[in-house]
>>> print(open('model.pdb').read())   # PDB, C-alpha atoms
ATOM      1  CA  MET W 202     -40.370   4.620   9.612
ATOM      2  CA  THR W 203     -39.332   3.320  12.991
ATOM      3  CA  GLU W 204     -36.934   5.110  15.296
ATOM      4  CA  ASN W 205     -34.410   2.358  14.729
ATOM      5  CA  GLU W 206     -34.398   2.749  10.953
ATOM      6  CA  ASP W 207     -34.198   6.465  11.440
ATOM      7  CA  ASN W 208     -30.948   6.050  13.309
ATOM      8  CA  LEU W 209     -29.423   4.078  10.462
ATOM      9  CA  LEU W 210     -29.675   6.927   8.005
ATOM     10  CA  ASP W 211     -27.251   9.343   9.574
ATOM     11  CA  VAL W 212     -24.541   8.740  12.116
ATOM     12  CA  ALA W 213     -22.959  11.223  14.392
ATOM     13  CA  PRO W 214     -19.188  11.489  14.287
ATOM     14  CA  GLY W 215     -17.720   9.182  16.931
ATOM     15  CA  ALA W 216     -20.900   7.117  17.125
ATOM     16  CA  PRO W 217     -19.932   3.435  17.158
ATOM     17  CA  HIS W 218     -21.658   0.452  15.511
ATOM     18  CA  ASN W 219     -24.176  -1.835  17.150
ATOM     19  CA  ASN W 220     -22.326  -5.052  17.897
ATOM     20  CA  ILE W 221     -20.093  -5.061  20.971
ATOM     21  CA  LEU W 222     -17.566  -7.435  19.412
ATOM     22  CA  SER W 223     -17.168  -5.594  16.115
ATOM     23  CA  GLU W 224     -17.008  -2.283  17.974
ATOM     24  CA  SER W 225     -14.234  -3.454  20.271
ATOM     25  CA  VAL W 226     -12.375  -5.098  17.385
ATOM     26  CA  ALA W 227     -12.481  -1.810  15.455
ATOM     27  CA  TYR W 228     -10.873   0.028  18.366
ATOM     28  CA  ILE W 229      -8.247  -2.713  18.839
ATOM     29  CA  ILE W 230      -7.333  -2.685  15.139
ATOM     30  CA  GLY W 231      -7.114   1.103  15.286
ATOM     31  CA  LEU W 232      -4.896   0.979  18.365
ATOM     32  CA  ALA W 233      -2.615  -1.642  16.801
ATOM     33  CA  LEU W 234      -2.231   0.311  13.555
ATOM     34  CA  ALA W 235      -1.630   3.584  15.408
ATOM     35  CA  LEU W 236       1.010   1.940  17.613
ATOM     36  CA  ILE W 237       2.730   0.432  14.567
ATOM     37  CA  LEU W 238       2.773   3.771  12.734
ATOM     38  CA  THR W 239       4.057   5.554  15.850
ATOM     39  CA  GLY W 240       6.794   2.944  16.216
ATOM     40  CA  VAL W 241       7.746   3.264  12.558
ATOM     41  CA  SER W 242       7.868   7.068  12.918
ATOM     42  CA  PHE W 243      10.268   6.880  15.864
ATOM     43  CA  TRP W 244      12.352   4.233  14.068
ATOM     44  CA  VAL W 245      12.538   6.271  10.855
ATOM     45  CA  ALA W 246      13.637   9.324  12.843
ATOM     46  CA  SER W 247      16.386   7.396  14.651
ATOM     47  CA  THR W 248      17.833   5.055  12.043
ATOM     48  CA  GLY W 249      20.777   5.888   9.832
ATOM     49  CA  VAL W 250      19.722   3.415   7.143
ATOM     50  CA  LEU W 251      17.414   5.741   5.220
ATOM     51  CA  TRP W 252      18.252   8.591   2.878
ATOM     52  CA  GLY W 253      18.582  11.620   5.174
ATOM     53  CA  PRO W 254      16.906  14.394   3.158
ATOM     54  CA  GLY W 255      13.782  12.265   2.615
ATOM     55  CA  ILE W 256      13.160  11.456   6.261
ATOM     56  CA  ALA W 257      11.188  14.594   7.152
ATOM     57  CA  THR W 258       8.794  14.017   4.247
ATOM     58  CA  GLY W 259       8.446  10.373   5.209
ATOM     59  CA  LEU W 260       7.568  11.354   8.774
ATOM     60  CA  VAL W 261       4.848  13.734   7.562
ATOM     61  CA  VAL W 262       3.402  10.965   5.382
ATOM     62  CA  LEU W 263       3.403   8.577   8.358
ATOM     63  CA  ALA W 264       1.649  11.222  10.489
ATOM     64  CA  ILE W 265      -1.052  11.753   7.858
ATOM     65  CA  ALA W 266      -1.549   7.985   7.658
ATOM     66  CA  GLN W 267      -1.934   7.787  11.416
ATOM     67  CA  ILE W 268      -4.425  10.666  11.441
ATOM     68  CA  GLY W 269      -6.414   8.688   8.860
ATOM     69  CA  ILE W 270      -6.354   5.640  11.148
ATOM     70  CA  HIS W 271      -7.655   7.740  14.044
ATOM     71  CA  LEU W 272     -10.449   9.193  11.929
ATOM     72  CA  VAL W 273     -11.614   5.811  10.654
ATOM     73  CA  PHE W 274     -11.224   3.555  13.689
ATOM     74  CA  PHE W 275     -11.759   5.980  16.588
ATOM     75  CA  LEU W 276     -14.025   8.670  15.141
ATOM     76  CA  HIS W 277     -15.768   6.260  12.728
ATOM     77  CA  ILE W 278     -15.668   8.623   9.772
ATOM     78  CA  THR W 279     -16.482   6.375   6.808
ATOM     79  CA  SER W 280     -17.356   6.774   3.151
ATOM     80  CA  GLY W 281     -20.889   5.435   3.675
ATOM     81  CA  PRO W 282     -23.923   7.463   2.608
ATOM     82  CA  ASP W 283     -24.859   7.970   6.284
ATOM     83  CA  ASN W 284     -21.610   9.824   6.856
ATOM     84  CA  THR W 285     -21.803  12.384   4.055
ATOM     85  CA  ASN W 286     -22.228  15.405   6.314
ATOM     86  CA  ASN W 287     -19.351  14.450   8.584
ATOM     87  CA  VAL W 288     -17.045  13.830   5.623
ATOM     88  CA  LEU W 289     -17.967  17.103   3.929
ATOM     89  CA  ALA W 290     -17.261  19.068   7.106
ATOM     90  CA  LEU W 291     -13.970  17.205   7.486
ATOM     91  CA  ALA W 292     -13.019  17.904   3.866
ATOM     92  CA  PHE W 293     -13.622  21.615   4.373
ATOM     93  CA  GLY W 294     -11.595  21.554   7.588
ATOM     94  CA  VAL W 295      -8.708  19.801   5.852
ATOM     95  CA  LEU W 296      -8.844  22.358   3.014
ATOM     96  CA  ILE W 297      -8.543  25.288   5.425
ATOM     97  CA  VAL W 298      -5.824  23.583   7.473
ATOM     98  CA  PHE W 299      -3.724  22.949   4.371
ATOM     99  CA  LEU W 300      -4.304  26.447   2.999
ATOM    100  CA  VAL W 301      -3.193  28.030   6.264
ATOM    101  CA  MET W 302      -0.179  25.799   6.811
ATOM    102  CA  ILE W 303       1.204  25.428   3.294
ATOM    103  CA  GLY W 304       0.335  29.023   2.413
ATOM    104  CA  THR W 305       2.108  30.402   5.473
ATOM    105  CA  ILE W 306       5.174  28.209   5.188
ATOM    106  CA  TRP W 307       5.501  28.864   1.451
ATOM    107  CA  ILE W 308       5.084  32.629   1.637
ATOM    108  CA  MET W 309       7.220  33.113   4.745
ATOM    109  CA  ALA W 310      10.034  30.978   3.322
ATOM    110  CA  HIS W 311      10.067  33.117   0.159
ATOM    111  CA  MET W 312       9.997  36.355   2.124
ATOM    112  CA  ASN W 313      12.795  35.053   4.261
ATOM    113  CA  ALA W 314      14.886  34.158   1.212
ATOM    114  CA  ASN W 315      14.135  37.144  -0.989
ATOM    115  CA  MET W 316      13.312  40.129   1.158
ATOM    116  CA  MET W 317      15.571  39.871   4.172
ATOM    117  CA  PRO W 318      17.894  42.868   4.378
ATOM    118  CA  ASP W 319      21.477  42.528   5.513
ATOM    119  CA  PRO W 320      21.263  40.402   8.693
ATOM    120  CA  ALA W 321      23.448  42.898  10.500
ATOM    121  CA  LEU W 322      20.790  45.572  10.024
ATOM    122  CA  THR W 323      17.887  43.779  11.618
ATOM    123  CA  ASN W 324      17.038  42.108  14.866
ATOM    124  CA  LEU W 325      14.144  40.148  13.352
ATOM    125  CA  GLN W 326      16.538  37.591  12.022
ATOM    126  CA  MET W 327      15.540  34.121  10.947
ATOM    127  CA  GLN W 328      18.728  32.344  11.789
ATOM    128  CA  HIS W 329      19.594  29.394   9.611
TER
ATOM    129  CA  MET T 104     -37.224  10.199  -7.789
ATOM    130  CA  THR T 105     -36.755   7.579  -5.134
ATOM    131  CA  THR T 106     -35.374   4.998  -7.535
ATOM    132  CA  GLU T 107     -33.106   7.544  -9.081
ATOM    133  CA  ALA T 108     -31.799   8.593  -5.688
ATOM    134  CA  ALA T 109     -31.230   4.965  -4.774
ATOM    135  CA  THR T 110     -29.261   4.415  -7.963
ATOM    136  CA  ILE T 111     -26.815   7.176  -7.188
ATOM    137  CA  GLY T 112     -26.371   5.998  -3.622
ATOM    138  CA  LEU T 113     -28.328   8.660  -1.773
ATOM    139  CA  THR T 114     -30.475   6.271   0.215
ATOM    140  CA  HIS T 115     -30.029   3.340   2.458
ATOM    141  CA  GLY T 116     -31.297   0.183   0.747
ATOM    142  CA  GLY T 117     -35.059   0.138   0.373
ATOM    143  CA  SER T 118     -35.887   3.226   2.438
ATOM    144  CA  GLU T 119     -38.038   6.060   1.177
ATOM    145  CA  ASP T 120     -35.495   8.633   2.211
ATOM    146  CA  THR T 121     -34.021  10.758  -0.532
ATOM    147  CA  GLY T 122     -31.223  12.056   1.645
ATOM    148  CA  LEU T 123     -32.347  15.559   0.753
ATOM    149  CA  GLY T 124     -33.918  16.604   4.021
ATOM    150  CA  HIS T 125     -37.474  15.409   3.289
ATOM    151  CA  ARG T 126     -37.701  13.833   6.715
ATOM    152  CA  GLY T 127     -37.294  17.152   8.449
ATOM    153  CA  PRO T 128     -34.638  17.936  11.016
ATOM    154  CA  GLU T 129     -32.451  15.149  12.384
ATOM    155  CA  SER T 130     -32.789  13.919  15.934
ATOM    156  CA  LYS T 131     -30.718  15.548  18.646
ATOM    157  CA  SER T 132     -28.480  12.484  18.854
ATOM    158  CA  ILE T 133     -27.248  13.393  15.351
ATOM    159  CA  VAL T 134     -27.373  17.178  15.445
ATOM    160  CA  VAL T 135     -25.533  17.695  18.746
ATOM    161  CA  PRO T 136     -22.427  15.597  17.951
ATOM    162  CA  TYR T 137     -22.411  17.000  14.405
ATOM    163  CA  GLY T 138     -22.306  20.543  15.769
ATOM    164  CA  PHE T 139     -19.556  19.497  18.128
ATOM    165  CA  TRP T 140     -17.683  17.929  15.213
ATOM    166  CA  LEU T 141     -17.786  21.348  13.496
ATOM    167  CA  PHE T 142     -16.318  22.930  16.645
ATOM    168  CA  VAL T 143     -13.549  20.321  16.751
ATOM    169  CA  LEU T 144     -12.710  20.993  13.103
ATOM    170  CA  SER T 145     -12.539  24.737  13.772
ATOM    171  CA  ASP T 146     -10.239  23.952  16.691
ATOM    172  CA  MET T 147      -8.003  22.109  14.233
ATOM    173  CA  VAL T 148      -7.954  25.225  12.046
ATOM    174  CA  LEU T 149      -6.784  27.166  15.114
ATOM    175  CA  PHE T 150      -3.995  24.645  15.630
ATOM    176  CA  SER T 151      -3.023  24.851  11.955
ATOM    177  CA  ALA T 152      -2.283  28.558  12.489
ATOM    178  CA  LEU T 153      -0.112  27.683  15.505
ATOM    179  CA  PHE T 154       1.660  24.967  13.499
ATOM    180  CA  ALA T 155       2.260  27.450  10.681
ATOM    181  CA  SER T 156       3.780  30.057  12.999
ATOM    182  CA  TYR T 157       5.912  27.382  14.671
ATOM    183  CA  ALA T 158       7.221  26.176  11.307
ATOM    184  CA  THR T 159       8.006  29.768  10.344
ATOM    185  CA  LEU T 160       9.851  30.582  13.574
ATOM    186  CA  VAL T 161      11.556  27.274  14.340
ATOM    187  CA  HIS T 162      14.995  28.524  13.230
ATOM    188  CA  ALA T 163      14.646  31.956  14.870
ATOM    189  CA  THR T 164      16.556  30.893  17.972
ATOM    190  CA  ASP T 165      18.321  34.217  18.606
ATOM    191  CA  GLY T 166      21.486  32.361  19.582
ATOM    192  CA  GLY T 167      19.598  30.362  22.226
ATOM    193  CA  PRO T 168      18.994  26.624  22.470
ATOM    194  CA  THR T 169      17.812  24.791  19.344
ATOM    195  CA  THR T 170      15.334  21.950  18.899
ATOM    196  CA  ASN T 171      18.118  19.374  18.829
ATOM    197  CA  GLU T 172      19.484  20.554  22.166
ATOM    198  CA  LEU T 173      16.142  20.754  23.954
ATOM    199  CA  PHE T 174      13.960  17.785  23.065
ATOM    200  CA  ASP T 175      14.117  14.298  24.570
ATOM    201  CA  ARG T 176      12.629  11.611  22.330
ATOM    202  CA  GLY T 177      12.282   9.080  25.144
ATOM    203  CA  LEU T 178       9.904  11.325  27.090
ATOM    204  CA  VAL T 179       7.929  12.111  23.950
ATOM    205  CA  ALA T 180       7.539   8.398  23.173
ATOM    206  CA  VAL T 181       6.050   7.800  26.633
ATOM    207  CA  GLU T 182       3.726  10.806  26.236
ATOM    208  CA  THR T 183       2.606   9.569  22.826
ATOM    209  CA  VAL T 184       1.793   6.061  24.018
ATOM    210  CA  ALA T 185      -0.014   7.404  27.110
ATOM    211  CA  LEU T 186      -2.246   9.689  25.044
ATOM    212  CA  LEU T 187      -2.918   7.008  22.424
ATOM    213  CA  LEU T 188      -3.917   4.466  25.061
ATOM    214  CA  SER T 189      -6.059   7.127  26.738
ATOM    215  CA  SER T 190      -7.895   7.687  23.456
ATOM    216  CA  PHE T 191      -8.347   3.938  22.992
ATOM    217  CA  VAL T 192      -9.681   3.416  26.515
ATOM    218  CA  CYS T 193     -12.055   6.349  26.025
ATOM    219  CA  GLY T 194     -13.471   4.431  23.045
ATOM    220  CA  LEU T 195     -13.984   1.375  25.255
ATOM    221  CA  ALA T 196     -15.797   3.597  27.773
ATOM    222  CA  MET T 197     -18.163   4.687  24.988
ATOM    223  CA  ILE T 198     -18.882   1.063  24.101
ATOM    224  CA  THR T 199     -19.805   0.167  27.683
ATOM    225  CA  ALA T 200     -21.697   3.448  28.238
ATOM    226  CA  LYS T 201     -23.927   2.715  25.253
ATOM    227  CA  ARG T 202     -24.892  -0.536  26.966
ATOM    228  CA  GLY T 203     -25.523   1.167  30.294
ATOM    229  CA  ASN T 204     -22.796  -0.662  32.204
ATOM    230  CA  MET T 205     -21.984   1.726  35.082
ATOM    231  CA  VAL T 206     -19.010  -0.112  36.631
ATOM    232  CA  TRP T 207     -17.068  -0.655  33.429
ATOM    233  CA  THR T 208     -17.865   2.787  32.063
ATOM    234  CA  GLN T 209     -16.551   4.462  35.196
ATOM    235  CA  ALA T 210     -13.521   2.144  35.234
ATOM    236  CA  TRP T 211     -12.598   2.923  31.624
ATOM    237  CA  LEU T 212     -13.161   6.647  32.210
ATOM    238  CA  VAL T 213     -10.866   6.554  35.249
ATOM    239  CA  ALA T 214      -8.231   4.832  33.097
ATOM    240  CA  THR T 215      -8.738   7.503  30.420
ATOM    241  CA  GLY T 216      -8.190  10.196  33.018
ATOM    242  CA  ILE T 217      -5.116   8.589  34.567
ATOM    243  CA  LEU T 218      -3.435   8.137  31.182
ATOM    244  CA  GLY T 219      -4.317  11.722  30.272
ATOM    245  CA  ALA T 220      -2.855  12.910  33.588
ATOM    246  CA  VAL T 221       0.343  10.931  32.911
ATOM    247  CA  PHE T 222       0.631  12.711  29.570
ATOM    248  CA  LEU T 223       0.030  16.107  31.135
ATOM    249  CA  GLY T 224       2.430  15.434  34.007
ATOM    250  CA  ILE T 225       5.271  14.542  31.624
ATOM    251  CA  GLU T 226       4.553  17.633  29.552
ATOM    252  CA  LEU T 227       4.608  19.910  32.602
ATOM    253  CA  TYR T 228       7.857  18.265  33.764
ATOM    254  CA  GLU T 229       9.356  18.964  30.341
ATOM    255  CA  PHE T 230       8.189  22.593  30.432
ATOM    256  CA  ALA T 231       9.526  23.080  33.954
ATOM    257  CA  THR T 232      12.900  21.609  32.992
ATOM    258  CA  MET T 233      13.130  23.857  29.947
ATOM    259  CA  VAL T 234      12.207  26.999  31.877
ATOM    260  CA  GLY T 235      14.697  25.986  34.582
ATOM    261  CA  GLU T 236      17.437  25.797  31.960
ATOM    262  CA  GLY T 237      16.644  29.330  30.823
ATOM    263  CA  ALA T 238      14.752  28.101  27.743
ATOM    264  CA  GLY T 239      11.437  29.713  28.645
ATOM    265  CA  PRO T 240       8.981  31.240  26.184
ATOM    266  CA  GLN T 241      10.648  34.655  26.441
ATOM    267  CA  ARG T 242      14.066  33.357  25.305
ATOM    268  CA  SER T 243      13.479  33.392  21.523
ATOM    269  CA  ALA T 244      10.776  33.510  18.875
ATOM    270  CA  PHE T 245      11.219  29.770  18.388
ATOM    271  CA  LEU T 246      10.547  29.077  22.070
ATOM    272  CA  SER T 247       7.542  31.443  22.133
ATOM    273  CA  ALA T 248       6.045  29.544  19.215
ATOM    274  CA  PHE T 249       6.900  26.198  20.824
ATOM    275  CA  PHE T 250       5.258  27.013  24.158
ATOM    276  CA  THR T 251       2.211  28.474  22.409
ATOM    277  CA  LEU T 252       1.659  25.408  20.214
ATOM    278  CA  VAL T 253       2.442  22.634  22.695
ATOM    279  CA  GLY T 254       1.056  24.597  25.650
ATOM    280  CA  CYS T 255      -2.231  25.173  23.821
ATOM    281  CA  HIS T 256      -2.526  21.422  23.264
ATOM    282  CA  GLY T 257      -1.676  20.796  26.919
ATOM    283  CA  LEU T 258      -4.327  23.310  27.955
ATOM    284  CA  HIS T 259      -6.862  21.425  25.839
ATOM    285  CA  VAL T 260      -5.888  18.187  27.577
ATOM    286  CA  ALA T 261      -6.235  19.848  30.986
ATOM    287  CA  CYS T 262      -9.717  21.139  30.070
ATOM    288  CA  GLY T 263     -10.537  17.672  28.752
ATOM    289  CA  LEU T 264      -9.584  16.161  32.119
ATOM    290  CA  LEU T 265     -11.901  18.608  33.922
ATOM    291  CA  TRP T 266     -14.674  17.733  31.485
ATOM    292  CA  LEU T 267     -13.980  14.035  32.007
ATOM    293  CA  GLY T 268     -14.360  14.405  35.780
ATOM    294  CA  THR T 269     -17.618  16.296  35.283
ATOM    295  CA  MET T 270     -18.952  13.584  32.968
ATOM    296  CA  MET T 271     -18.076  10.831  35.446
ATOM    297  CA  ALA T 272     -19.968  12.691  38.170
ATOM    298  CA  GLN T 273     -22.962  13.259  35.892
ATOM    299  CA  ILE T 274     -23.122   9.615  34.833
ATOM    300  CA  TRP T 275     -22.854   8.583  38.456
ATOM    301  CA  ALA T 276     -25.553  10.996  39.650
ATOM    302  CA  LYS T 277     -27.989  10.967  36.725
ATOM    303  CA  GLY T 278     -27.395   7.609  35.056
ATOM    304  CA  PHE T 279     -27.281   6.891  31.329
ATOM    305  CA  GLN T 280     -29.912   9.349  30.157
ATOM    306  CA  GLN T 281     -30.037  10.386  26.511
ATOM    307  CA  HIS T 282     -28.597  13.840  27.049
ATOM    308  CA  ILE T 283     -25.814  12.538  29.294
ATOM    309  CA  ILE T 284     -24.815  10.010  26.618
ATOM    310  CA  ARG T 285     -24.756  12.826  24.057
ATOM    311  CA  ARG T 286     -22.388  14.833  26.244
ATOM    312  CA  LEU T 287     -20.195  11.786  26.715
ATOM    313  CA  LEU T 288     -20.109  11.268  22.939
ATOM    314  CA  CYS T 289     -19.017  14.892  22.483
ATOM    315  CA  PHE T 290     -16.282  14.353  25.075
ATOM    316  CA  SER T 291     -15.005  11.293  23.227
ATOM    317  CA  ILE T 292     -14.886  13.259  19.952
ATOM    318  CA  PHE T 293     -12.905  15.976  21.738
ATOM    319  CA  TRP T 294     -10.512  13.456  23.276
ATOM    320  CA  HIS T 295      -9.849  11.608  19.996
ATOM    321  CA  ALA T 296      -9.304  14.968  18.260
ATOM    322  CA  LEU T 297      -6.645  15.917  20.824
ATOM    323  CA  ASP T 298      -4.799  12.712  19.992
ATOM    324  CA  ILE T 299      -4.961  13.582  16.291
ATOM    325  CA  ILE T 300      -3.413  16.992  17.010
ATOM    326  CA  TRP T 301      -0.726  15.321  19.128
ATOM    327  CA  VAL T 302       0.236  13.148  16.136
ATOM    328  CA  GLY T 303       1.027  16.371  14.287
ATOM    329  CA  ILE T 304       2.952  17.787  17.245
ATOM    330  CA  PHE T 305       5.153  14.789  17.957
ATOM    331  CA  THR T 306       5.968  14.440  14.258
ATOM    332  CA  ILE T 307       6.587  18.067  13.319
ATOM    333  CA  VAL T 308       7.945  19.458  16.578
ATOM    334  CA  TYR T 309       9.720  16.575  18.253
ATOM    335  CA  LEU T 310      10.747  14.020  15.600
ATOM    336  CA  ILE T 311      11.576  16.374  12.730
ATOM    337  CA  GLY T 312      13.083  18.774  15.294
ATOM    338  CA  THR T 313      15.532  16.147  16.525
ATOM    339  CA  LEU T 314      16.696  14.796  13.175
ATOM    340  CA  PRO T 315      20.491  14.988  12.924
ATOM    341  CA  ALA T 316      21.276  18.349  11.340
TER
END
>>> encode(input="model.pdb", output="structure tokens")
Amino acid sequence: MTENEDNLLDVAPGAPHNNILSESVAYIIGLALALILTGVSFWVASTGVLWGPGIATGLVVLAIAQIGIHLVFFLHITSGPDNTNNVLALAFGVLIVFLVMIGTIWIMAHMNANMMPDPALTNLQMQH
Amino acid sequence: MTTEAATIGLTHGGSEDTGLGHRGPESKSIVVPYGFWLFVLSDMVLFSALFASYATLVHATDGGPTTNELFDRGLVAVETVALLLSSFVCGLAMITAKRGNMVWTQAWLVATGILGAVFLGIELYEFATMVGEGAGPQRSAFLSAFFTLVGCHGLHVACGLLWLGTMMAQIWAKGFQQHIIRRLLCFSIFWHALDIIWVGIFTIVYLIGTLPA
């Protein structure tokens, strides 16, 4: 097996493709999509047209979409067989990130709601 | 075995590789960035803890200023665009570096650095303004969490700028050798990852924080 074929089998994260045009186009598409999603995020946060209570959730969804764009177009994480290791590591990272964030927010919100003594008695208040 | 592996998508068309490590260890050009990718992911786990504590403490203002009073969306929009463009230009630098084009690589890396410095400058201005208004990290639990989360990201960007300068000097002095390209690839992974974390920060801290109550 030649060195060149060898390189096809696994790709490092962030390693771009081989053709200068397709590489540049990938970055330009990524930039355009990221700019659009950023613009939509700022618009959604500012407009009065949308249903207020849903806006925060919508913003989180837009952020996750944009993170996906960054991963695909800038870090070149794909679903191809040459990318299995990178994707598995990413999947584990995402699992831990979600466990830490959702777990903390969930538990602390419940403690805050259920276990807080009379606010006058404590200085550790979570003011709402 | 080989045919079976090919059927379930473990090989690249026609190659003998089973995808199960029969070829021995990967080349350094794969292993080094992969290891760095693991570091970047663990860095994201670190940030998830900071995000979690921020989300827990965001209302603990102790009678001090709240998110709505402190944050300026216009500044954040400029920061966001600067960092995004910086990430994009860093990608262009990688494309030219792979082809050994010294002038363009250095030019794109300079642009990456300038845009990163713009981002950092705006962030420091924001911090200085807040501290000047008495909204420093010691004011409330919310502000401690805010300065820890956003400051930690800013510190990463500052370290990234130092690293960027080092890489430009190394490319200039040593040329596009294999190990220099590997380091540059690791830098680009780091830089793109910082932009990913910033997406979380500008959404959760700044945009959701300034929604009308």
>>> interface_residues(input="model.pdb", of="chain T", to="chain W", cutoff="6 Å", atoms="all atoms listed in the file", output="list in words")
Ile133, Pro136, Tyr137, Leu144, Val148, Ser151, Ala155, His162, Ala163, Ile292, Ile299 and Ile311 of chain T
>>> axis_aligned_box(input="model.pdb", around="segment 152-164 of chain T", padding_each_side="4 Å", output="JSON")
{"center_x": 7.1, "center_y": 28.5, "center_z": 14.2, "size_x": 26.8, "size_y": 15.0, "size_z": 15.6}
>>> residues_around(input="model.pdb", residues="Glu229 of chain T", least_positions_apart="3", cutoff="12 Å", atoms="all atoms listed in the file", output="compact mmCIF listing (two decimals) with C-alpha atoms, in the frame of the given file")
# COMPACT_ATOMS: atom_id res chain seq x y z
CA LEU T 173 16.14 20.75 23.95
CA PHE T 174 13.96 17.78 23.06
CA ASP T 175 14.12 14.30 24.57
CA ARG T 176 12.63 11.61 22.33
CA GLY T 177 12.28 9.08 25.14
CA LEU T 178 9.90 11.32 27.09
CA VAL T 179 7.93 12.11 23.95
CA GLU T 182 3.73 10.81 26.24
CA PHE T 222 0.63 12.71 29.57
CA LEU T 223 0.03 16.11 31.14
CA GLY T 224 2.43 15.43 34.01
CA ILE T 225 5.27 14.54 31.62
CA GLU T 226 4.55 17.63 29.55
CA THR T 232 12.90 21.61 32.99
CA MET T 233 13.13 23.86 29.95
CA VAL T 234 12.21 27.00 31.88
CA GLY T 235 14.70 25.99 34.58
CA GLU T 236 17.44 25.80 31.96
CA ALA T 238 14.75 28.10 27.74
CA GLY T 239 11.44 29.71 28.64
CA PHE T 250 5.26 27.01 24.16
CA VAL T 253 2.44 22.63 22.70
CA GLY T 254 1.06 24.60 25.65
CA GLY T 257 -1.68 20.80 26.92
>>> residues_around(input="model.pdb", residues="Glu172 of chain T", least_positions_apart="6", cutoff="12 Å", atoms="all atoms listed in the file", output="list of chain:residue names")
T:Thr164, T:Met233, T:Glu236, T:Ala238, T:Tyr309, T:Gly312, T:Thr313, T:Leu314, T:Pro315, T:Ala316
>>> resolve_selection(input="model.pdb", expression="the PyMOL selection byres ((chain T and resi 300) around 10)", output="ChimeraX atom specification")
/W:268 /T:146-147,150-151,253,256,295-299,301-305
>>> write_last_selection(input="model.pdb", atoms="C-alpha atoms", output="PDB file, in the coordinates of the input")
ATOM      1  CA  ILE W 268      -4.425  10.666  11.441  1.00  0.00           C
TER       2      ILE W 268
ATOM      3  CA  ASP T 146     -10.239  23.952  16.691  1.00  0.00           C
ATOM      4  CA  MET T 147      -8.003  22.109  14.233  1.00  0.00           C
ATOM      5  CA  PHE T 150      -3.995  24.645  15.630  1.00  0.00           C
ATOM      6  CA  SER T 151      -3.023  24.851  11.955  1.00  0.00           C
ATOM      7  CA  VAL T 253       2.442  22.634  22.695  1.00  0.00           C
ATOM      8  CA  HIS T 256      -2.526  21.422  23.264  1.00  0.00           C
ATOM      9  CA  HIS T 295      -9.849  11.608  19.996  1.00  0.00           C
ATOM     10  CA  ALA T 296      -9.304  14.968  18.260  1.00  0.00           C
ATOM     11  CA  LEU T 297      -6.645  15.917  20.824  1.00  0.00           C
ATOM     12  CA  ASP T 298      -4.799  12.712  19.992  1.00  0.00           C
ATOM     13  CA  ILE T 299      -4.961  13.582  16.291  1.00  0.00           C
ATOM     14  CA  TRP T 301      -0.726  15.321  19.128  1.00  0.00           C
ATOM     15  CA  VAL T 302       0.236  13.148  16.136  1.00  0.00           C
ATOM     16  CA  GLY T 303       1.027  16.371  14.287  1.00  0.00           C
ATOM     17  CA  ILE T 304       2.952  17.787  17.245  1.00  0.00           C
ATOM     18  CA  PHE T 305       5.153  14.789  17.957  1.00  0.00           C
TER      19      PHE T 305
END
>>> resolve_selection(input="model.pdb", expression="the PyMOL selection byres ((chain T and resi 278) around 12)", output="PyMOL selection string")
chain T and resi 200-206+208-209+270-277+279-284+287
